[in-house]
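Structure file entry11.pdb; described as PDB, C-alpha atoms.
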```pdb
ATOM      1  CA  MET U   1      12.707 -20.439  -1.164
ATOM      2  CA  THR U   2      16.352 -19.654  -1.881
ATOM      3  CA  THR U   3      18.358 -17.238   0.260
ATOM      4  CA  VAL U   4      18.360 -14.730  -2.584
ATOM      5  CA  GLY U   5      14.617 -15.141  -2.924
ATOM      6  CA  ALA U   6      14.114 -14.551   0.788
ATOM      7  CA  VAL U   7      16.136 -11.340   0.643
ATOM      8  CA  LEU U   8      14.183 -10.134  -2.374
ATOM      9  CA  THR U   9      10.840 -10.962  -0.782
ATOM     10  CA  THR U  10      11.789  -9.181   2.435
ATOM     11  CA  ALA U  11      12.788  -6.088   0.483
ATOM     12  CA  ALA U  12       9.618  -6.209  -1.566
ATOM     13  CA  LEU U  13       7.360  -6.571   1.461
ATOM     14  CA  ALA U  14       9.073  -3.611   3.091
ATOM     15  CA  LEU U  15       8.053  -1.311   0.258
ATOM     16  CA  SER U  16       4.584  -0.797   1.693
ATOM     17  CA  ALA U  17       6.055   0.392   4.987
ATOM     18  CA  CYS U  18       8.931   2.524   3.767
ATOM     19  CA  GLY U  19       9.229   6.272   3.932
ATOM     20  CA  GLY U  20      12.056   8.676   4.484
ATOM     21  CA  GLY U  21      14.166  10.491   1.975
ATOM     22  CA  ALA U  22      12.371  13.852   2.290
ATOM     23  CA  SER U  23      14.392  16.894   1.374
ATOM     24  CA  ALA U  24      14.531  19.969   3.548
ATOM     25  CA  GLY U  25      14.827  22.169   0.438
ATOM     26  CA  SER U  26      17.651  24.364  -0.765
ATOM     27  CA  GLY U  27      16.698  27.442   1.186
ATOM     28  CA  ASP U  28      16.982  29.653  -1.918
ATOM     29  CA  GLU U  29      14.309  32.326  -1.412
ATOM     30  CA  SER U  30      14.180  33.081  -5.156
ATOM     31  CA  ALA U  31      13.402  29.458  -6.054
ATOM     32  CA  GLU U  32       9.904  28.174  -6.773
ATOM     33  CA  GLN U  33       8.729  26.196  -3.746
ATOM     34  CA  LEU U  34       7.201  22.770  -4.454
ATOM     35  CA  GLN U  35       5.910  19.994  -2.247
ATOM     36  CA  LEU U  36       6.246  16.818  -4.268
ATOM     37  CA  GLY U  37       4.404  13.639  -3.323
ATOM     38  CA  TYR U  38       6.166  10.399  -4.221
ATOM     39  CA  PHE U  39       5.648   6.756  -3.308
ATOM     40  CA  PRO U  40       9.085   5.376  -2.329
ATOM     41  CA  LEU U  41       9.950   2.717  -4.908
ATOM     42  CA  VAL U  42      12.531   2.151  -7.620
ATOM     43  CA  HIS U  43      10.482   3.974 -10.240
ATOM     44  CA  THR U  44      10.322   7.254  -8.296
ATOM     45  CA  SER U  45      14.098   7.464  -8.233
ATOM     46  CA  THR U  46      13.584  10.164 -10.861
ATOM     47  CA  ALA U  47      12.400  12.604  -8.201
ATOM     48  CA  VAL U  48      15.018  11.671  -5.613
ATOM     49  CA  ASN U  49      17.800  11.850  -8.186
ATOM     50  CA  ALA U  50      16.597  15.250  -9.407
ATOM     51  CA  ASP U  51      16.673  16.476  -5.807
ATOM     52  CA  GLU U  52      19.992  14.987  -4.704
ATOM     53  CA  SER U  53      21.898  15.709  -7.919
ATOM     54  CA  GLY U  54      20.796  19.362  -7.964
ATOM     55  CA  ILE U  55      18.652  19.137 -11.103
ATOM     56  CA  PHE U  56      15.669  20.704  -9.371
ATOM     57  CA  ALA U  57      17.812  23.507  -7.963
ATOM     58  CA  ASP U  58      19.452  24.140 -11.338
ATOM     59  CA  ASN U  59      15.969  24.673 -12.788
ATOM     60  CA  GLY U  60      14.978  27.130 -10.074
ATOM     61  CA  LEU U  61      12.984  24.750  -7.871
ATOM     62  CA  ASP U  62      13.160  24.267  -4.120
ATOM     63  CA  VAL U  63      11.494  20.868  -3.694
ATOM     64  CA  GLU U  64      10.349  19.101  -0.548
ATOM     65  CA  LEU U  65       9.856  15.384  -1.154
ATOM     66  CA  VAL U  66       6.792  14.093   0.694
ATOM     67  CA  PRO U  67       6.327  10.292   0.908
ATOM     68  CA  THR U  68       2.783   9.203   0.020
ATOM     69  CA  GLN U  69       0.796   6.015  -0.264
ATOM     70  CA  GLY U  70       0.831   4.451  -3.699
ATOM     71  CA  GLY U  71      -1.637   4.598  -6.559
ATOM     72  CA  ALA U  72      -5.007   6.200  -6.003
ATOM     73  CA  ALA U  73      -4.192   6.970  -2.354
ATOM     74  CA  ALA U  74      -1.846   9.757  -3.480
ATOM     75  CA  ILE U  75      -4.618  11.722  -5.179
ATOM     76  CA  PRO U  76      -6.525  12.887  -2.052
ATOM     77  CA  ALA U  77      -3.297  14.411  -0.718
ATOM     78  CA  LEU U  78      -2.955  16.321  -3.977
ATOM     79  CA  VAL U  79      -6.546  17.532  -4.129
ATOM     80  CA  SER U  80      -6.489  18.588  -0.452
ATOM     81  CA  GLY U  81      -3.387  20.718  -1.063
ATOM     82  CA  SER U  82      -1.050  18.621   1.094
ATOM     83  CA  VAL U  83       1.264  18.384  -1.942
ATOM     84  CA  ASP U  84       1.519  20.438  -5.130
ATOM     85  CA  LEU U  85       2.330  17.565  -7.481
ATOM     86  CA  THR U  86       2.376  13.821  -6.972
ATOM     87  CA  TYR U  87       3.367  10.559  -8.591
ATOM     88  CA  THR U  88       0.575   8.109  -9.403
ATOM     89  CA  ASN U  89      -0.390   5.495 -11.950
ATOM     90  CA  TYR U  90      -2.258   6.885 -14.938
ATOM     91  CA  THR U  91      -5.359   4.751 -14.543
ATOM     92  CA  SER U  92      -5.960   6.182 -11.062
ATOM     93  CA  ALA U  93      -5.451   9.689 -12.443
ATOM     94  CA  LEU U  94      -7.909   9.138 -15.290
ATOM     95  CA  LEU U  95     -10.471   7.590 -12.941
ATOM     96  CA  ALA U  96     -10.166  10.690 -10.765
ATOM     97  CA  VAL U  97     -10.766  12.907 -13.807
ATOM     98  CA  GLU U  98     -13.902  10.980 -14.679
ATOM     99  CA  GLN U  99     -15.107  11.427 -11.103
ATOM    100  CA  GLY U 100     -14.867  15.183 -11.560
ATOM    101  CA  LEU U 101     -11.573  15.883  -9.787
ATOM    102  CA  PRO U 102      -9.525  18.705 -11.353
ATOM    103  CA  ILE U 103      -6.476  16.605 -12.253
ATOM    104  CA  ARG U 104      -3.910  17.693 -14.822
ATOM    105  CA  LEU U 105      -1.104  15.580 -16.312
ATOM    106  CA  VAL U 106       2.349  17.132 -15.884
ATOM    107  CA  ALA U 107       5.138  14.722 -16.787
ATOM    108  CA  GLY U 108       5.841  11.103 -17.585
ATOM    109  CA  ASN U 109       8.001   8.828 -15.488
ATOM    110  CA  ASP U 110       7.976   5.112 -16.342
ATOM    111  CA  VAL U 111       6.850   2.975 -19.260
ATOM    112  CA  GLY U 112       5.869  -0.688 -19.040
ATOM    113  CA  LYS U 113       8.745  -2.917 -20.154
ATOM    114  CA  ALA U 114      10.479  -6.076 -18.929
ATOM    115  CA  ASP U 115      10.092  -4.949 -15.300
ATOM    116  CA  HIS U 116       6.428  -6.083 -15.452
ATOM    117  CA  GLY U 117       6.065  -9.838 -15.931
ATOM    118  CA  ILE U 118       3.420 -12.562 -16.092
ATOM    119  CA  PHE U 119       4.413 -15.434 -13.801
ATOM    120  CA  VAL U 120       3.131 -18.979 -13.335
ATOM    121  CA  ALA U 121       4.174 -21.925 -11.208
ATOM    122  CA  LYS U 122       6.763 -24.356 -12.496
ATOM    123  CA  ASP U 123       5.157 -27.296 -14.343
ATOM    124  CA  SER U 124       1.822 -25.425 -14.483
ATOM    125  CA  GLY U 125       1.350 -26.270 -18.144
ATOM    126  CA  ILE U 126       0.872 -22.561 -18.870
ATOM    127  CA  GLY U 127       3.361 -21.357 -21.437
ATOM    128  CA  THR U 128       1.587 -18.506 -23.215
ATOM    129  CA  VAL U 129      -1.220 -16.031 -22.638
ATOM    130  CA  ALA U 130      -3.497 -18.326 -24.680
ATOM    131  CA  ASP U 131      -3.027 -21.014 -22.016
ATOM    132  CA  LEU U 132      -4.668 -18.753 -19.424
ATOM    133  CA  LYS U 133      -8.165 -19.567 -20.705
ATOM    134  CA  GLY U 134     -10.303 -20.673 -17.767
ATOM    135  CA  LYS U 135      -7.605 -19.673 -15.286
ATOM    136  CA  THR U 136      -7.319 -17.042 -12.546
ATOM    137  CA  PHE U 137      -4.935 -14.100 -12.859
ATOM    138  CA  ALA U 138      -3.957 -11.748 -10.017
ATOM    139  CA  VAL U 139      -3.734  -7.981 -10.520
ATOM    140  CA  ASN U 140      -3.146  -5.422  -7.791
ATOM    141  CA  ASN U 141      -6.382  -3.572  -8.574
ATOM    142  CA  LEU U 142      -9.265  -4.439 -10.877
ATOM    143  CA  GLN U 143      -9.420  -0.801 -12.021
ATOM    144  CA  ASN U 144      -5.762  -0.448 -12.870
ATOM    145  CA  ILE U 145      -3.349  -0.612 -15.781
ATOM    146  CA  GLY U 146      -2.772  -4.331 -15.206
ATOM    147  CA  THR U 147      -6.407  -5.049 -16.056
ATOM    148  CA  VAL U 148      -6.126  -2.964 -19.216
ATOM    149  CA  ALA U 149      -2.934  -4.766 -20.243
ATOM    150  CA  ILE U 150      -4.013  -8.354 -19.604
ATOM    151  CA  ASN U 151      -7.393  -7.812 -21.268
ATOM    152  CA  SER U 152      -5.619  -6.476 -24.355
ATOM    153  CA  LEU U 153      -3.321  -9.501 -24.437
ATOM    154  CA  LEU U 154      -6.263 -11.875 -24.057
ATOM    155  CA  GLU U 155      -8.020 -10.269 -27.007
ATOM    156  CA  GLU U 156      -4.831 -10.442 -29.072
ATOM    157  CA  ALA U 157      -4.734 -14.187 -28.291
ATOM    158  CA  GLY U 158      -8.273 -14.566 -29.640
ATOM    159  CA  MET U 159     -10.061 -14.786 -26.296
ATOM    160  CA  GLN U 160     -12.791 -12.860 -24.544
ATOM    161  CA  THR U 161     -11.862 -10.903 -21.430
ATOM    162  CA  SER U 162     -14.327 -13.095 -19.524
ATOM    163  CA  ASP U 163     -12.253 -16.189 -20.378
ATOM    164  CA  VAL U 164      -9.894 -15.373 -17.501
ATOM    165  CA  LYS U 165     -10.996 -14.541 -13.963
ATOM    166  CA  LEU U 166      -9.154 -11.505 -12.594
ATOM    167  CA  VAL U 167      -8.488 -11.527  -8.853
ATOM    168  CA  GLU U 168      -7.531  -8.403  -6.904
ATOM    169  CA  MET U 169      -4.543  -8.903  -4.619
ATOM    170  CA  PRO U 170      -1.675  -6.760  -3.231
ATOM    171  CA  TYR U 171       1.669  -7.352  -4.928
ATOM    172  CA  PRO U 172       3.356  -8.673  -1.749
ATOM    173  CA  ASP U 173       0.724 -11.436  -1.449
ATOM    174  CA  MET U 174       0.804 -12.670  -5.048
ATOM    175  CA  GLN U 175       3.859 -14.915  -4.953
ATOM    176  CA  ALA U 176       2.628 -16.925  -1.972
ATOM    177  CA  ALA U 177      -0.848 -17.202  -3.512
ATOM    178  CA  LEU U 178       0.640 -18.625  -6.702
ATOM    179  CA  GLU U 179       2.887 -21.008  -4.806
ATOM    180  CA  ARG U 180      -0.047 -22.475  -2.858
ATOM    181  CA  GLY U 181      -2.263 -22.705  -5.936
ATOM    182  CA  ALA U 182      -4.795 -20.032  -4.975
ATOM    183  CA  VAL U 183      -4.314 -18.392  -8.398
ATOM    184  CA  ASP U 184      -2.896 -19.654 -11.685
ATOM    185  CA  ALA U 185      -0.912 -16.616 -12.804
ATOM    186  CA  ILE U 186       0.210 -13.277 -11.378
ATOM    187  CA  TRP U 187       1.439  -9.867 -12.510
ATOM    188  CA  GLN U 188       4.713  -8.959 -10.845
ATOM    189  CA  VAL U 189       6.472  -5.591 -11.029
ATOM    190  CA  GLU U 190       9.971  -5.018  -9.669
ATOM    191  CA  PRO U 191      11.234  -5.764  -7.095
ATOM    192  CA  PHE U 192       8.550  -8.465  -6.701
ATOM    193  CA  GLN U 193       9.466  -9.882 -10.105
ATOM    194  CA  ALA U 194      13.042 -10.519  -8.975
ATOM    195  CA  SER U 195      11.706 -12.327  -5.901
ATOM    196  CA  ALA U 196       9.423 -14.505  -8.033
ATOM    197  CA  THR U 197      12.308 -15.403 -10.336
ATOM    198  CA  ALA U 198      14.572 -16.265  -7.419
ATOM    199  CA  ALA U 199      11.851 -18.516  -5.974
ATOM    200  CA  GLY U 200      11.710 -20.549  -9.181
ATOM    201  CA  LEU U 201       8.462 -19.198 -10.600
ATOM    202  CA  VAL U 202       8.311 -19.027 -14.389
ATOM    203  CA  LYS U 203       7.922 -15.835 -16.386
ATOM    204  CA  ILE U 204       5.906 -16.577 -19.530
ATOM    205  CA  GLY U 205       6.161 -13.054 -20.910
ATOM    206  CA  ASP U 206       6.045  -9.344 -20.303
ATOM    207  CA  LEU U 207       2.692  -7.797 -19.431
ATOM    208  CA  PHE U 208       3.307  -4.697 -21.556
ATOM    209  CA  THR U 209       3.892  -6.113 -24.998
ATOM    210  CA  GLY U 210       2.025  -6.486 -28.289
ATOM    211  CA  PRO U 211      -1.018  -4.179 -28.275
ATOM    212  CA  VAL U 212       0.111  -2.503 -25.046
ATOM    213  CA  ALA U 213       3.833  -2.229 -25.774
ATOM    214  CA  ASP U 214       5.430   0.968 -24.446
ATOM    215  CA  MET U 215       2.325   1.896 -22.467
ATOM    216  CA  PRO U 216       3.015   4.595 -19.842
ATOM    217  CA  VAL U 217       2.406   3.221 -16.341
ATOM    218  CA  GLY U 218       3.041   6.073 -13.913
ATOM    219  CA  GLY U 219       3.731   9.777 -13.987
ATOM    220  CA  TRP U 220       3.356  13.135 -12.295
ATOM    221  CA  ILE U 221       0.115  15.048 -11.887
ATOM    222  CA  THR U 222      -1.143  18.267 -10.320
ATOM    223  CA  THR U 223      -4.414  20.153  -9.921
ATOM    224  CA  GLU U 224      -5.851  22.467 -12.546
ATOM    225  CA  LYS U 225      -5.593  25.380 -10.099
ATOM    226  CA  PHE U 226      -1.895  24.814  -9.351
ATOM    227  CA  ALA U 227      -1.078  24.416 -13.046
ATOM    228  CA  GLN U 228      -2.858  27.660 -13.948
ATOM    229  CA  GLU U 229      -1.261  29.650 -11.124
ATOM    230  CA  ASN U 230       2.286  28.237 -11.444
ATOM    231  CA  PRO U 231       3.163  27.709 -15.124
ATOM    232  CA  GLU U 232       6.856  28.447 -14.588
ATOM    233  CA  ALA U 233       7.115  25.869 -11.809
ATOM    234  CA  ILE U 234       5.331  23.313 -13.986
ATOM    235  CA  ALA U 235       7.726  23.937 -16.882
ATOM    236  CA  ALA U 236      10.746  23.710 -14.577
ATOM    237  CA  PHE U 237       9.467  20.457 -13.094
ATOM    238  CA  GLN U 238       8.890  18.940 -16.533
ATOM    239  CA  GLU U 239      12.428  19.850 -17.584
ATOM    240  CA  SER U 240      13.846  18.457 -14.337
ATOM    241  CA  ILE U 241      12.079  15.090 -14.503
ATOM    242  CA  SER U 242      13.040  14.630 -18.144
ATOM    243  CA  ALA U 243      16.689  15.324 -17.322
ATOM    244  CA  SER U 244      16.620  12.993 -14.320
ATOM    245  CA  ALA U 245      14.944  10.213 -16.304
ATOM    246  CA  GLU U 246      17.658  10.530 -18.944
ATOM    247  CA  ASP U 247      20.337  10.311 -16.245
ATOM    248  CA  LEU U 248      18.840   7.133 -14.778
ATOM    249  CA  GLN U 249      17.943   5.280 -17.977
ATOM    250  CA  GLY U 250      20.047   2.117 -17.993
ATOM    251  CA  ASN U 251      22.138   3.413 -15.063
ATOM    252  CA  ARG U 252      22.011   0.451 -12.657
ATOM    253  CA  GLU U 253      25.015   1.743 -10.725
ATOM    254  CA  ARG U 254      23.262   5.013  -9.876
ATOM    255  CA  LEU U 255      20.061   3.208  -8.914
ATOM    256  CA  GLY U 256      22.068   0.911  -6.673
ATOM    257  CA  GLU U 257      23.439   3.959  -4.869
ATOM    258  CA  LEU U 258      20.141   5.819  -4.714
ATOM    259  CA  VAL U 259      17.316   3.343  -4.083
ATOM    260  CA  PRO U 260      18.545   2.017  -0.696
ATOM    261  CA  THR U 261      18.599   5.595   0.651
ATOM    262  CA  PHE U 262      14.835   6.099   0.396
ATOM    263  CA  THR U 263      13.349   2.573   0.290
ATOM    264  CA  LYS U 264      14.013  -0.738   2.041
ATOM    265  CA  VAL U 265      15.245  -2.220  -1.245
ATOM    266  CA  THR U 266      18.930  -3.090  -0.985
ATOM    267  CA  ALA U 267      21.655  -2.582  -3.558
ATOM    268  CA  ASP U 268      21.826  -6.377  -4.015
ATOM    269  CA  VAL U 269      18.158  -6.407  -4.996
ATOM    270  CA  VAL U 270      18.695  -3.533  -7.430
ATOM    271  CA  GLU U 271      21.405  -5.673  -9.046
ATOM    272  CA  ALA U 272      18.834  -8.447  -9.614
ATOM    273  CA  ILE U 273      15.890  -6.476 -10.999
ATOM    274  CA  GLU U 274      14.892  -5.818 -14.586
ATOM    275  CA  MET U 275      15.680  -2.163 -15.175
ATOM    276  CA  PRO U 276      12.709   0.208 -15.454
ATOM    277  CA  ARG U 277      12.198   2.204 -18.623
ATOM    278  CA  PHE U 278      12.244   5.845 -17.546
ATOM    279  CA  GLN U 279      10.584   8.467 -19.752
ATOM    280  CA  GLY U 280      10.054  11.972 -18.472
ATOM    281  CA  GLU U 281       8.086  13.320 -21.413
ATOM    282  CA  LEU U 282       4.325  12.799 -21.583
ATOM    283  CA  ASP U 283       3.335  10.450 -24.386
ATOM    284  CA  THR U 284      -0.145  11.781 -25.113
ATOM    285  CA  GLN U 285      -0.731   9.363 -27.975
ATOM    286  CA  GLN U 286      -0.114   6.327 -25.787
ATOM    287  CA  LEU U 287      -2.079   7.856 -22.909
ATOM    288  CA  GLN U 288      -5.036   8.396 -25.242
ATOM    289  CA  LYS U 289      -4.799   4.701 -26.084
ATOM    290  CA  THR U 290      -4.858   3.925 -22.360
ATOM    291  CA  ALA U 291      -7.965   6.072 -21.874
ATOM    292  CA  ASP U 292      -9.680   4.451 -24.856
ATOM    293  CA  LEU U 293      -8.961   0.955 -23.525
ATOM    294  CA  MET U 294     -10.204   1.927 -20.068
ATOM    295  CA  PHE U 295     -13.473   2.975 -21.712
ATOM    296  CA  GLU U 296     -13.612  -0.211 -23.788
ATOM    297  CA  TYR U 297     -13.147  -2.383 -20.695
ATOM    298  CA  LYS U 298     -15.683  -0.323 -18.691
ATOM    299  CA  ILE U 299     -13.146   0.902 -16.149
ATOM    300  CA  ILE U 300     -14.435   4.394 -16.960
ATOM    301  CA  ASP U 301     -17.937   5.222 -18.175
ATOM    302  CA  SER U 302     -17.127   8.003 -20.620
ATOM    303  CA  GLU U 303     -14.465   8.784 -23.182
ATOM    304  CA  LEU U 304     -11.667  11.160 -22.205
ATOM    305  CA  ASP U 305      -9.630  13.584 -24.309
ATOM    306  CA  ILE U 306      -6.059  13.338 -23.017
ATOM    307  CA  ALA U 307      -4.877  16.499 -24.800
ATOM    308  CA  SER U 308      -7.312  18.571 -22.738
ATOM    309  CA  LEU U 309      -5.853  17.208 -19.490
ATOM    310  CA  VAL U 310      -2.209  18.192 -20.030
ATOM    311  CA  ALA U 311      -0.894  21.000 -17.811
ATOM    312  CA  GLU U 312       0.539  23.837 -19.879
TER     313      GLU U 312
END
```
Let me see whether you can do it: turn the structure in this file into C-alpha cells.
Amino acid sequence: MTTVGAVLTTAALALSACGGGASAGSGDESAEQLQLGYFPLVHTSTAVNADESGIFADNGLDVELVPTQGGAAAIPALVSGSVDLTYTNYTSALLAVEQGLPIRLVAGNDVGKADHGIFVAKDSGIGTVADLKGKTFAVNNLQNIGTVAINSLLEEAGMQTSDVKLVEMPYPDMQAALERGAVDAIWQVEPFQASATAAGLVKIGDLFTGPVADMPVGGWITTEKFAQENPEAIAAFQESISASAEDLQGNRERLGELVPTFTKVTADVVEAIEMPRFQGELDTQQLQKTADLMFEYKIIDSELDIASLVAE
C-alpha cells in the first residue's frame, strides 16, 4: 500500500472510534433547546457547520451536538429520548417505521453521488456491473441502501438479484477482503473510497447511478411526539440544515477546515475524497422510490407512504 493509502486507511478506520465536537450551546434562554445526534463523519459536517457558523443560533436554536453510533444504532437513542433529532440512513429509518417505531422524517442531508463507488481488484476482469454475475459483492448491511442500489443496477444490467451473492461486512474491512480475494467487489463510501483508490483498486462505476441516481442516502429524523410538540423547532432546524448544506456544497476548503475538528479524518484526506452531494431539503419523491424498492427487494414487508412520515 502506498503512503497516501496508508494515511487514508488509518483515517477511515478511526471513524468508528471518533467522537468529540459536541457544542455546549449558546446559553440563550429564549432559544429552542435541541439535542442533536450525529455520527461523526464527513457527511454530518452540515450539523457541525450550522453550529459553528451560527446558523442554528440565527434561527433561534440552541443545539447540543451528541455523537452517536452510525446507522440503525442511532435510532434507539432517539426513541429513548436521549436526543431530540438524529442523523441516520433512510433505510434504517424506514425499517424502524415498519417495526412500529414513531419515526418522522425532518430534513435531508446527503444524496448518493460519486462519493459512493463500486471497486474491484486490478486485473480482476470485472469492468462493468454485468461482469458481476456469479461474483460476491460486499455491502455494509444486507438491509441497507447499498443492497437497494446494487440490486437495482443488477436488474438494469439484465440480471436477477440472485445472480450476485451479497456479503455483509463493515466498511473498514472491505478493502483488505478485496485485496486478499475474499470478495470480488465492494461498495466504498468516502473516506474509504479514497483509500481504495490510493491502494490501486479499480472503481468500475458509481453505486448511485442509472435507476438509483440522486437517491437520498442519509438525513435527519425525529419522533412523532417531538415533531407534534415542537413545530417551530422543527421548522428552524429544517431551515438551518438547508442553509448549511448550501454553504458546504462544493466547498472543499471549508470541509478541510471543519472535518478534522470532529473526526479523525485529516485535511489531507479531505483533499483526496470525492465531494459529497449535500441536500438539506427532503426529496419525498425519491424517498418514495427508496421505500418502493425496499418493498420490492423484501427488505420491508409492507408498502410505506413517505408523505405520511414527514414532520410538519
Residues selected by the PyMOL selection byres ((chain U and resi 303) around 9), written as a list of chain:residue names: U:Glu98, U:Ala291, U:Asp292, U:Met294, U:Phe295, U:Ile300, U:Asp301, U:Ser302, U:Leu304, U:Asp305
Answer key for the PyMOL selection byres ((chain U and resi 197) around 10), residues as a list of chain:residue names: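 Given this file, the PyMOL selection byres ((chain U and resi 197) around 10) evaluates to U:Val4, U:Gly5, U:Leu8, U:Phe119, U:Gln188, U:Phe192, U:Gln193, U:Ala194, U:Ser195, U:Ala196, U:Ala198, U:Ala199, U:Gly200, U:Leu201, U:Val202, U:Lys203, U:Ala272, U:Ile273.
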With C-alpha atoms kept, could you save the residues just selected as a PDB file, in the frame of the given file?
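Below is the file result-v2.pdb, written as the result:
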```
ATOM      1  CA  VAL U   4      18.360 -14.730  -2.584  1.00  0.00           C
ATOM      2  CA  GLY U   5      14.617 -15.141  -2.924  1.00  0.00           C
ATOM      3  CA  LEU U   8      14.183 -10.134  -2.374  1.00  0.00           C
ATOM      4  CA  PHE U 119       4.413 -15.434 -13.801  1.00  0.00           C
ATOM      5  CA  GLN U 188       4.713  -8.959 -10.845  1.00  0.00           C
ATOM      6  CA  PHE U 192       8.550  -8.465  -6.701  1.00  0.00           C
ATOM      7  CA  GLN U 193       9.466  -9.882 -10.105  1.00  0.00           C
ATOM      8  CA  ALA U 194      13.042 -10.519  -8.975  1.00  0.00           C
ATOM      9  CA  SER U 195      11.706 -12.327  -5.901  1.00  0.00           C
ATOM     10  CA  ALA U 196       9.423 -14.505  -8.033  1.00  0.00           C
ATOM     11  CA  ALA U 198      14.572 -16.265  -7.419  1.00  0.00           C
ATOM     12  CA  ALA U 199      11.851 -18.516  -5.974  1.00  0.00           C
ATOM     13  CA  GLY U 200      11.710 -20.549  -9.181  1.00  0.00           C
ATOM     14  CA  LEU U 201       8.462 -19.198 -10.600  1.00  0.00           C
ATOM     15  CA  VAL U 202       8.311 -19.027 -14.389  1.00  0.00           C
ATOM     16  CA  LYS U 203       7.922 -15.835 -16.386  1.00  0.00           C
ATOM     17  CA  ALA U 272      18.834  -8.447  -9.614  1.00  0.00           C
ATOM     18  CA  ILE U 273      15.890  -6.476 -10.999  1.00  0.00           C
TER      19      ILE U 273
END
```
Resolved residues for the PyMOL selection byres ((chain U and resi 245) around 7) as a list in words: Thr46, Ile241, Ser242, Ala243, Ser244, Glu246, Asp247, Leu248, Gln249, Phe278, Gln279 and Gly280 of chain U
Atom pair atom CA of U:Ser240 / atom CA of U:Lys264: separation (Å):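 Separation between atom CA of U:Ser240 and atom CA of U:Lys264: 25.2 Å.
Nearest-residue note for U:Ala74: choosing from U:Thr147, U:Gln33, U:Ser53, U:Thr222, the minimum distance belongs to U:Thr222, counting all atoms listed in the file.
Within 8 Å of the file-frame point (5.1, 13.0, -15.2), and using only C-alpha atoms, the polymer residues found are U:Tyr87, U:Leu105, U:Val106, U:Ala107, U:Gly108, U:Asn109, U:Gly218, U:Gly219, U:Trp220, U:Ile221, U:Gln238, U:Ile241, U:Gly280, U:Glu281, U:Leu282.
Across U:Glu52, U:Glu224, U:Glu229, U:Asp283, the tightest approach to U:Val259 is made by U:Glu52 when counting all atoms listed in the file.
Comparing U:Gly112, U:Gly134, U:Pro211, U:Pro67 by their smallest distance to U:Met275, the closest is U:Gly112 (using only C-alpha atoms).
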Residue nearest U:Glu155 - candidates U:Lys133, U:His43, U:Lys225, U:Arg252, atoms counted: only C-alpha atoms: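 Among U:Lys133, U:His43, U:Lys225, U:Arg252, it is U:Lys133 that comes nearest to U:Glu155.
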Surrounding residues of U:Val111 excluding itself and chain neighbours under 6 positions, 7 Å, only C-alpha atoms, as a list in words: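 Residues near the query, excluding close chain neighbours: Asp214, Met215, Pro216, Val217, Arg277, Phe278 and Gln279 of chain U.
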Two-atom distance - atom CA of U:His116, atom CA of U:Thr261 (Å): 23.3 Å
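Considering the residues U:Asn89, U:Thr223, U:Lys135, U:Ala73 and counting all atoms listed in the file, U:Ala182 has its shortest atom-to-atom contact with U:Lys135.
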Point-to-point distance in Å for atom CA of U:Thr91 and atom CA of U:Ala121: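 Atom CA of U:Thr91 lies at a distance of 28.5 Å from atom CA of U:Ala121.
Considering all atoms listed in the file, the residue among U:Ala138, U:Ala307, U:Glu179, U:Ile186 positioned nearest to U:Lys165 is U:Ala138.
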Padding 6 Å on every side, please: axis-aligned box over the listed atoms of stretch 229-248 of chain U, centre and edge lengths to one decimal in Å, as JSON.
```
{"center_x": 9.5, "center_y": 18.4, "center_z": -15.0, "size_x": 33.6, "size_y": 34.5, "size_z": 19.8}
```
Nearby residues (only C-alpha atoms) at most 8 Å from U:Gly60, same-chain spacing under 4 positions excluded, as a ChimeraX atom specification: /U:30-32,56,236
